[in-house]
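Asker: Quick one, input25.txt (compact mmCIF, C-alpha atoms):
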# COMPACT_ATOMS: atom_id res chain seq x y z
CA MET A 1 51.38 155.80 78.52
CA ASP A 2 51.53 152.79 80.77
CA SER A 3 49.51 150.70 78.36
CA PHE A 4 51.73 151.66 75.44
CA PHE A 5 54.81 150.77 77.48
CA PHE A 6 53.64 147.18 77.81
CA ASP A 7 51.62 146.69 74.65
CA ALA A 8 54.13 147.91 72.10
CA PRO A 9 56.77 145.22 72.80
CA LEU A 10 54.09 142.53 72.64
CA ALA A 11 52.95 143.87 69.28
CA ILE A 12 56.53 143.93 68.02
CA MET A 13 56.99 140.35 69.18
CA MET A 14 53.88 139.22 67.36
CA VAL A 15 54.90 140.98 64.18
CA ALA A 16 58.34 139.40 64.39
CA ILE A 17 57.15 135.89 65.09
CA THR A 18 54.11 135.58 62.83
CA PRO A 19 55.93 135.21 59.49
CA MET A 20 58.25 132.62 61.01
CA LEU A 21 55.33 130.60 62.39
CA LEU A 22 53.47 130.79 59.08
CA LEU A 23 56.58 129.76 57.21
CA MET A 24 57.14 126.82 59.54
CA TRP A 25 53.53 125.71 59.17
CA ILE A 26 53.61 125.95 55.38
CA GLY A 27 56.99 124.23 55.23
CA LEU A 28 55.70 121.38 57.36
CA MET A 29 52.67 120.98 55.09
CA ALA A 30 54.94 121.01 52.05
CA ALA A 31 57.13 118.30 53.60
CA PHE A 32 54.12 116.05 54.24
CA GLY A 33 52.81 116.69 50.73
CA GLU A 34 56.18 115.83 49.26
CA MET A 35 56.22 112.55 51.19
CA ILE A 36 52.82 111.59 49.79
CA TRP A 37 53.81 112.63 46.28
CA THR A 38 57.00 110.53 46.36
CA ASP A 39 55.11 107.45 47.52
CA CYS A 40 52.31 107.90 44.99
CA TYR A 41 54.79 108.44 42.17
CA ARG A 42 56.69 105.31 43.09
CA LEU A 43 53.53 103.24 43.30
CA SER A 44 51.80 104.57 40.20
CA ARG A 45 54.81 104.41 37.90
CA PRO A 46 54.76 101.28 35.71
CA HIS A 47 57.03 98.90 37.54
CA ASP A 48 57.54 95.33 38.60
CA ILE A 49 58.84 93.80 41.77
CA VAL A 50 61.54 91.37 40.75
CA LYS A 51 63.27 88.76 42.84
CA ALA A 52 67.00 89.01 42.36
CA THR A 53 69.55 86.43 43.40
CA ILE A 54 72.59 87.39 45.38
CA ILE A 55 75.64 86.25 43.46
CA ASP A 56 78.31 87.90 45.54
CA GLN A 57 78.60 89.83 48.70
CA LYS A 58 81.38 91.68 50.41
CA LEU A 59 81.76 93.93 53.37
CA VAL A 60 83.24 97.38 53.40
CA ASN A 61 84.35 99.37 56.38
CA ALA A 62 82.76 102.78 56.15
CA ARG A 63 80.91 105.37 58.07
CA ILE A 64 77.89 106.59 56.18
CA SER A 65 75.28 108.65 57.92
CA VAL A 66 71.71 108.15 56.95
CA GLY A 67 69.68 110.73 58.75
CA LYS A 68 71.35 110.26 62.09
CA ASN A 69 74.94 109.81 63.10
CA THR A 70 76.29 106.34 62.65
CA MET A 71 79.49 104.80 63.84
CA VAL A 72 82.14 103.28 61.62
CA SER A 73 80.70 99.92 60.79
CA LEU A 74 80.77 97.15 58.29
CA LYS A 75 78.28 97.61 55.49
CA PRO A 76 77.42 94.78 53.13
CA ILE A 77 77.54 95.24 49.39
CA TYR A 78 75.46 92.76 47.47
CA ARG A 79 76.01 91.92 43.87
CA LEU A 80 72.60 91.04 42.48
CA ARG A 81 71.47 89.46 39.27
CA TYR A 82 67.94 89.64 37.98
CA GLU A 83 66.08 88.88 34.80
CA TYR A 84 63.58 91.22 33.28
CA GLU A 85 61.94 90.76 29.91
CA GLN A 86 64.50 88.25 28.63
CA HIS A 87 67.42 90.39 29.70
CA THR A 88 69.74 89.73 32.55
CA TYR A 89 70.95 92.67 34.57
CA GLU A 90 73.50 92.92 37.30
CA VAL A 91 73.52 95.61 39.93
CA GLU A 92 75.55 96.33 42.98
CA HIS A 93 73.78 97.56 46.00
CA LEU A 94 75.17 98.98 49.19
CA VAL A 95 72.90 98.32 52.13
CA LEU A 96 72.86 101.23 54.53
CA ASN A 97 69.94 100.26 56.66
CA GLN A 98 69.15 96.59 57.11
CA GLU A 99 65.54 97.30 58.08
CA HIS A 100 64.65 99.09 54.89
CA ILE A 101 65.18 96.24 52.46
CA GLU A 102 63.47 92.99 51.64
CA LEU A 103 66.25 90.48 51.99
CA ASN A 104 65.77 86.76 52.41
CA GLN A 105 69.03 85.47 53.80
CA GLN A 106 68.04 81.78 53.63
CA GLU A 107 67.09 81.71 49.97
CA GLY A 108 69.62 84.34 49.01
CA THR A 109 67.09 86.56 47.28
CA PHE A 110 66.52 90.26 47.31
CA LEU A 111 63.43 92.11 46.14
CA LEU A 112 64.05 94.87 43.63
CA TYR A 113 61.82 97.61 42.28
CA VAL A 114 62.33 97.69 38.51
CA PRO A 115 60.77 100.59 36.59
CA LYS A 116 59.48 99.53 33.15
CA ALA A 117 60.94 102.59 31.46
CA ASN A 118 64.49 101.86 32.56
CA PRO A 119 64.92 98.25 33.69
CA ALA A 120 68.65 98.68 34.35
CA ASP A 121 67.95 101.25 37.03
CA ALA A 122 66.64 99.00 39.75
CA SER A 123 66.42 100.08 43.33
CA PRO A 124 65.62 97.96 46.36
CA GLU A 125 61.99 97.60 47.21
CA ALA A 126 61.63 99.65 50.35
CA PRO A 127 58.55 99.06 52.43
CA SER A 128 57.39 102.44 53.61
CA ALA A 129 54.23 103.28 55.49
CA ALA A 130 54.87 106.97 55.95
CA SER A 131 52.37 108.41 53.50
CA PRO A 132 49.07 107.47 55.25
CA PHE A 133 50.31 109.19 58.39
CA ALA A 134 51.45 112.14 56.32
CA ALA A 135 47.96 112.33 54.77
CA ILE A 136 46.34 112.28 58.21
CA MET A 137 48.69 114.98 59.47
CA LEU A 138 47.96 117.07 56.39
CA MET A 139 44.22 116.77 56.99
CA ILE A 140 44.61 117.74 60.64
CA MET A 141 46.71 120.75 59.72
CA GLY A 142 44.25 121.83 57.05
CA TYR A 143 41.39 121.55 59.54
CA LEU A 144 43.33 123.61 62.08
CA ILE A 145 43.84 126.36 59.50
CA TRP A 146 40.15 126.20 58.65
CA GLU A 147 39.19 126.61 62.29
CA ALA A 148 41.81 129.12 63.33
CA ALA A 149 41.89 131.50 60.38
CA PRO A 150 38.46 133.20 60.87
CA THR A 151 38.97 133.57 64.61
CA LEU A 152 42.43 135.00 64.25
CA LEU A 153 41.69 137.32 61.33
CA THR A 154 38.24 138.64 62.22
CA GLY A 155 37.97 137.87 65.93
CA PHE A 156 39.76 140.97 67.18
CA MET B 1 59.98 150.03 90.00
CA LEU B 2 59.38 146.35 89.32
CA PHE B 3 57.05 147.28 86.48
CA ILE B 4 59.70 149.42 84.84
CA VAL B 5 62.28 146.60 85.05
CA LEU B 6 59.80 144.10 83.65
CA GLY B 7 58.77 146.46 80.88
CA GLY B 8 62.38 147.14 79.97
CA LEU B 9 63.04 143.43 79.81
CA LEU B 10 60.00 143.01 77.58
CA TRP B 11 61.24 145.75 75.27
CA LEU B 12 64.68 144.19 75.12
CA ILE B 13 63.30 140.75 74.29
CA SER B 14 60.94 142.11 71.68
CA LEU B 15 63.67 144.09 69.93
CA LEU B 16 66.00 141.07 69.99
CA LEU B 17 63.25 138.93 68.53
CA PHE B 18 62.59 141.49 65.85
CA ALA B 19 66.26 141.66 64.92
CA PHE B 20 66.49 137.89 64.77
CA SER B 21 63.37 137.69 62.64
CA ALA B 22 64.71 140.28 60.22
CA TRP B 23 68.00 138.44 59.96
CA ALA B 24 66.24 135.11 59.33
CA SER B 25 64.01 136.69 56.68
CA TYR B 26 67.06 138.16 54.98
CA LYS B 27 68.80 134.77 54.94
CA LEU B 28 65.68 133.04 53.65
CA MET B 29 65.24 135.61 50.89
CA ARG B 30 68.85 135.12 49.85
CA LEU B 31 68.36 131.36 49.80
CA LEU B 32 65.16 131.68 47.82
CA TRP B 33 66.76 134.01 45.30
CA GLU B 34 69.69 131.62 44.90
CA LYS B 35 67.31 128.70 44.36
CA ILE B 36 65.30 130.62 41.77
CA ARG B 37 68.43 131.67 39.93
CA ARG B 38 69.70 128.11 39.92
CA ALA B 39 66.36 126.70 38.80
CA LEU B 40 66.48 128.96 35.76
CA LEU B 41 69.91 127.76 34.60
CA ARG B 42 69.88 125.77 31.44
CA PRO B 43 71.67 122.43 31.33
CA GLY B 44 74.50 122.12 28.84
CA THR B 45 77.45 119.87 28.30
CA ALA B 46 80.97 120.15 29.57
CA GLN B 47 84.09 118.09 29.21
CA ILE B 48 86.04 116.78 32.16
CA THR B 49 89.60 118.06 31.99
CA SER B 50 90.88 116.67 35.24
CA TYR B 51 89.55 114.78 38.19
CA GLU B 52 90.61 113.87 41.67
CA VAL B 53 89.34 110.99 43.75
CA PHE B 54 89.95 111.13 47.44
CA THR B 55 88.74 109.24 50.46
CA PRO B 56 87.89 111.21 53.58
CA ASP B 57 89.74 110.21 56.71
CA PRO B 58 87.53 107.71 58.58
CA GLU B 59 89.03 108.77 61.91
CA ASP B 60 87.72 112.31 61.53
CA ILE B 61 84.43 112.43 63.38
CA HIS B 62 83.09 115.35 61.34
CA VAL B 63 83.06 113.32 58.14
CA GLN B 64 79.53 112.19 57.40
CA ASP B 65 80.31 109.82 54.59
CA THR B 66 83.58 107.95 54.20
CA ARG B 67 82.97 106.81 50.67
CA PRO B 68 85.36 108.13 48.04
CA GLN B 69 84.51 111.58 46.76
CA ILE B 70 85.33 113.18 43.45
CA ARG B 71 86.42 116.66 42.51
CA LEU B 72 86.10 117.60 38.86
CA GLU B 73 87.53 120.34 36.72
CA LEU B 74 85.34 121.01 33.72
CA ASP B 75 85.69 122.84 30.48
CA CYS B 76 82.48 124.72 29.84
CA GLU B 77 81.38 126.54 26.75
CA ARG B 78 78.94 129.39 26.66
CA HIS B 79 78.25 131.57 23.63
CA GLY B 80 81.49 130.41 22.06
CA GLN B 81 83.46 131.41 25.11
CA ARG B 82 85.23 128.68 27.06
CA PHE B 83 85.99 128.74 30.71
CA GLN B 84 87.07 126.44 33.48
CA VAL B 85 84.69 125.55 36.23
CA SER B 86 85.13 123.28 39.19
CA LEU B 87 82.61 120.88 40.58
CA GLY B 88 83.13 120.33 44.12
CA PRO B 89 83.44 117.23 46.20
CA LEU B 90 80.73 114.96 44.90
CA THR B 91 79.59 111.72 46.35
CA CYS B 92 79.10 108.81 44.01
CA GLU B 93 75.35 108.97 44.48
CA GLU B 94 75.39 112.40 42.88
CA LEU B 95 78.03 111.68 40.28
CA PHE B 96 76.68 108.55 38.64
CA PRO B 97 73.29 109.94 37.58
CA ALA B 98 75.17 112.89 36.08
CA LEU B 99 77.17 110.43 33.96
CA ASP B 100 73.91 108.80 32.83
CA LEU B 101 74.73 105.69 34.79
CA PRO B 102 72.16 104.00 37.02
CA ALA B 103 72.34 105.21 40.59
CA HIS B 104 72.87 101.70 41.88
CA HIS B 105 76.57 102.08 41.28
CA ILE B 106 76.49 103.75 44.67
CA ALA B 107 78.69 101.08 46.09
CA CYS B 108 81.47 103.09 44.56
CA TRP B 109 84.82 101.68 45.53
CA LEU B 110 86.34 101.52 42.08
CA SER B 111 89.93 100.93 41.11
CA ASP B 112 92.09 103.73 39.66
CA GLU B 113 91.86 102.20 36.22
CA ASP B 114 88.06 102.08 36.39
CA TRP B 115 87.92 105.69 37.47
CA ARG B 116 90.22 106.68 34.61
CA GLN B 117 88.07 104.87 32.05
CA LEU B 118 84.95 106.34 33.54
CA LEU B 119 85.99 109.96 33.82
CA GLU B 120 88.86 110.86 31.51
CA LYS B 121 87.90 113.31 28.75
CA ARG B 122 84.26 112.49 29.29
CA TRP B 123 81.38 114.78 28.46
CA VAL B 124 78.82 115.31 31.15
CA THR B 125 75.46 117.03 31.14
CA ILE B 126 75.72 119.86 33.55
CA ALA B 127 74.73 123.47 34.07
CA CYS B 128 77.53 125.98 34.19
CA ASP B 129 77.03 128.93 36.45
CA TRP B 130 79.36 131.29 34.67
CA ARG B 131 79.04 134.04 37.22
CA LEU B 132 80.19 131.99 40.18
CA ARG B 133 82.57 129.81 38.12
CA LYS B 134 80.82 126.75 39.40
CA ALA B 135 79.04 123.87 37.80
CA ILE B 136 75.74 122.57 39.04
CA LEU B 137 74.46 119.07 38.55
CA THR B 138 71.26 118.69 36.61
CA SER B 139 69.89 116.58 39.45
CA GLN B 140 70.41 119.51 41.81
CA ILE B 141 68.62 121.81 39.40
CA ARG B 142 65.76 119.36 39.19
CA ASN B 143 65.62 119.21 42.98
CA ASP B 144 65.56 123.00 43.18
CA ARG B 145 62.70 123.23 40.71
CA ARG B 146 60.82 120.57 42.61
CA LEU B 147 61.36 122.39 45.88
CA LEU B 148 60.13 125.67 44.43
CA LEU B 149 57.08 124.01 42.91
CA ILE B 150 56.20 122.26 46.16
CA SER B 151 56.61 125.46 48.18
CA PHE B 152 54.47 127.38 45.73
CA LEU B 153 51.75 124.73 45.80
CA SER B 154 51.81 124.62 49.57
CA LEU B 155 51.60 128.39 49.84
CA SER B 156 48.71 128.61 47.41
CA LEU B 157 46.87 125.82 49.17
CA PHE B 158 47.34 127.66 52.46
CA ALA B 159 46.01 130.90 50.98
CA LEU B 160 43.07 129.03 49.46
CA THR B 161 42.12 127.39 52.76
CA VAL B 162 42.29 130.69 54.59
CA THR B 163 40.16 132.48 52.00
CA LEU B 164 37.57 129.70 51.87
CA SER B 165 37.31 129.56 55.64
CA LEU B 166 36.69 133.33 55.71
CA LEU B 167 33.86 133.21 53.16
CA PRO B 168 30.94 132.30 55.48
CA HIS B 169 31.73 135.23 57.80
Could you take the file, read its structure, and then write that structure out as structure tokens?
Answerer:
Amino acid sequence: MDSFFFDAPLAIMMVAITPMLLLMWIGLMAAFGEMIWTDCYRLSRPHDIVKATIIDQKLVNARISVGKNTMVSLKPIYRLRYEYEQHTYEVEHLVLNQEHIELNQQEGTFLLYVPKANPADASPEAPSAASPFAAIMLMIMGYLIWEAAPTLLTGF
Amino acid sequence: MLFIVLGGLLWLISLLLFAFSAWASYKLMRLLWEKIRRALLRPGTAQITSYEVFTPDPEDIHVQDTRPQIRLELDCERHGQRFQVSLGPLTCEELFPALDLPAHHIACWLSDEDWRQLLEKRWVTIACDWRLRKAILTSQIRNDRRLLLISFLSLSLFALTVTLSLLPH
């Protein structure tokens, strides 16, 4: 009687929490995998890195949150011109985060990622080093599953 | 006496946890069902009947993005039957790909005349959810499909790892 009195709530707790934990674990793995996939897709797609010249720039007063809360601030909009396969394209780009772009203020150039399939749809070249860490995390998590699953499922 | 109080507390906590877990599972199932239903919608075309461009108040601290946003009223057709659907405040980042324009138009402070030329009587590729009287962007549908695929892959990988690790025992 006494044992049931204490063991039953613990069992209920475990039953309640296990699916949530599993879901969180799987969701985390999916997020890391998605990160790697995005990076690989961007790198393996036929593309060129093109140097664009800044032909105009203006500032707008706006509050745009990228991930975390930001204050109302001035954001630069660059008007860029670049040539690709004998065509000249013009794009406008709103810079949200100064650290995530390759901008050379002295020369007035801006590096753009131009996909071969659709040269008009250029996006700024964004240096990102997230995917190696994501791969390492994914490996660690996979190893943890490998180690923990037999103990948890057959150990009792 | 102390044991009874502690045990009661334990029971209370466990039941609360169970209720919370059930509620969360219910919400997640609803979300999943909604995503699956949306991923199965087929994109079609619709004509813009009216539009409204508005700028959120920059002084309001709850506004995440103070760029102009667009509300659209669309005329959808399904099996020869026409109905009105609304597409709710969109940011430019979402709108321009739907109009087959490059996403770099995201610096989207356009003049009224530009907006009129861009949007009036225009056909857009969109999925009409006729049950909820709402339209869904094809980019959102693509994102939903991607999300479902990634979750499925992750789940199967998890199951595979667990099964393989159990084999030697």
Asker: Step by step: start from the point (81.9, 114.7, 42.7) in the file's coordinates, keep every protein, DNA or RNA residue that has an atom no farther than 7 Å from it, count all atoms listed in the file, and write the set as an NGL selection string.
Answerer: :B and (69-72 or 87-92 or 94-95)
Asker: Find the distance between atom CA of B:Ile36 and atom CA of B:Ala135 and write it in Å to one decimal.
Answerer: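 Those two atoms sit 15.8 Å apart.
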Asker: Using all atoms listed in the file, find each residue of chain A with at least one atom at most 7 Å away from an atom of chain B; report its shortest atom-to-atom pair and that distance in Å (one decimal), sort the rows by chain and rising residue number, and return the result as a tab-separated table.
Answerer:
residue	atom	partner	partner_atom	distance
A:Phe5	CA	B:Gly7	CA	6.8
A:Phe6	CA	B:Gly7	CA	6.0
A:Pro9	CA	B:Trp11	CA	5.1
A:Leu10	CA	B:Ser14	CA	6.9
A:Ile12	CA	B:Ser14	CA	6.0
A:Met13	CA	B:Ser14	CA	5.0
A:Ala16	CA	B:Phe18	CA	5.0
A:Ile17	CA	B:Ser21	CA	6.9
A:Ile26	CA	B:Ser154	CA	6.2
A:Met29	CA	B:Ser154	CA	6.7
A:Ala30	CA	B:Ser154	CA	5.4
A:Ala62	CA	B:Thr66	CA	5.6
A:Arg63	CA	B:Thr66	CA	5.4
A:Ile64	CA	B:Asp65	CA	4.3
A:Ser65	CA	B:Gln64	CA	5.6
A:Ile77	CA	B:Ala107	CA	6.8
A:Val91	CA	B:His104	CA	6.4
A:Glu92	CA	B:His105	CA	6.1
A:His93	CA	B:His104	CA	5.9
A:Leu94	CA	B:Ala107	CA	5.1
A:Ala120	CA	B:Pro102	CA	6.9
A:Asp121	CA	B:Pro102	CA	5.0
A:Ser123	CA	B:His104	CA	6.8
A:Ile145	CA	B:Val162	CA	6.7
A:Trp146	CA	B:Ser165	CA	5.3
A:Ala149	CA	B:Val162	CA	5.9
A:Pro150	CA	B:Leu166	CA	5.5
Asker: Quick one: residues within 7 Å of stretch 119-123 of chain B, only C-alpha atoms, excluding same-chain residues fewer than 3 positions away - as number ranges by chain?
Answerer: B: 45-49, 115-116
Asker: Using only C-alpha atoms, determine which residues lie at most 12 Å from stretch 125-134 of chain A, disregarding the query and same-chain residues fewer than 3 positions distant; provide the list as a PyMOL selection string.
Answerer: chain A and resi 28-43+47-52+93+95+97-103+110-115+122+137-141
Asker: Could you check how far atom CA of B:His62 sits from atom CA of B:Leu74, in Å to one decimal?
Answerer: 28.3 Å
Asker: Atom CA of B:Lys134 and atom CA of B:Asp75, how far apart in Å?
Answerer: 10.9 Å
Asker: For the point (82.3, 96.2, 54.8) in file coordinates, what residues are within 7 Å, counting only C-alpha atoms? Give the answer as a PyMOL selection string?
Answerer: chain A and resi 58-62+74-76
Asker: Deliver the residues from the most recent selection as a file, using C-alpha atoms, as a PDB file, in the coordinates of the input.
Answerer:
ATOM      1  CA  LYS A  58      81.380  91.680  50.410  1.00  0.00           C
ATOM      2  CA  LEU A  59      81.760  93.930  53.370  1.00  0.00           C
ATOM      3  CA  VAL A  60      83.240  97.380  53.400  1.00  0.00           C
ATOM      4  CA  ASN A  61      84.350  99.370  56.380  1.00  0.00           C
ATOM      5  CA  ALA A  62      82.760 102.780  56.150  1.00  0.00           C
ATOM      6  CA  LEU A  74      80.770  97.150  58.290  1.00  0.00           C
ATOM      7  CA  LYS A  75      78.280  97.610  55.490  1.00  0.00           C
ATOM      8  CA  PRO A  76      77.420  94.780  53.130  1.00  0.00           C
TER       9      PRO A  76
END
Asker: Which is closest to A:Gln57 among A:Gln105, A:Thr18, A:Ser44, A:Gln86, if we use only C-alpha atoms?
Answerer: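 Under the stated criterion, the closest residue is A:Gln105.
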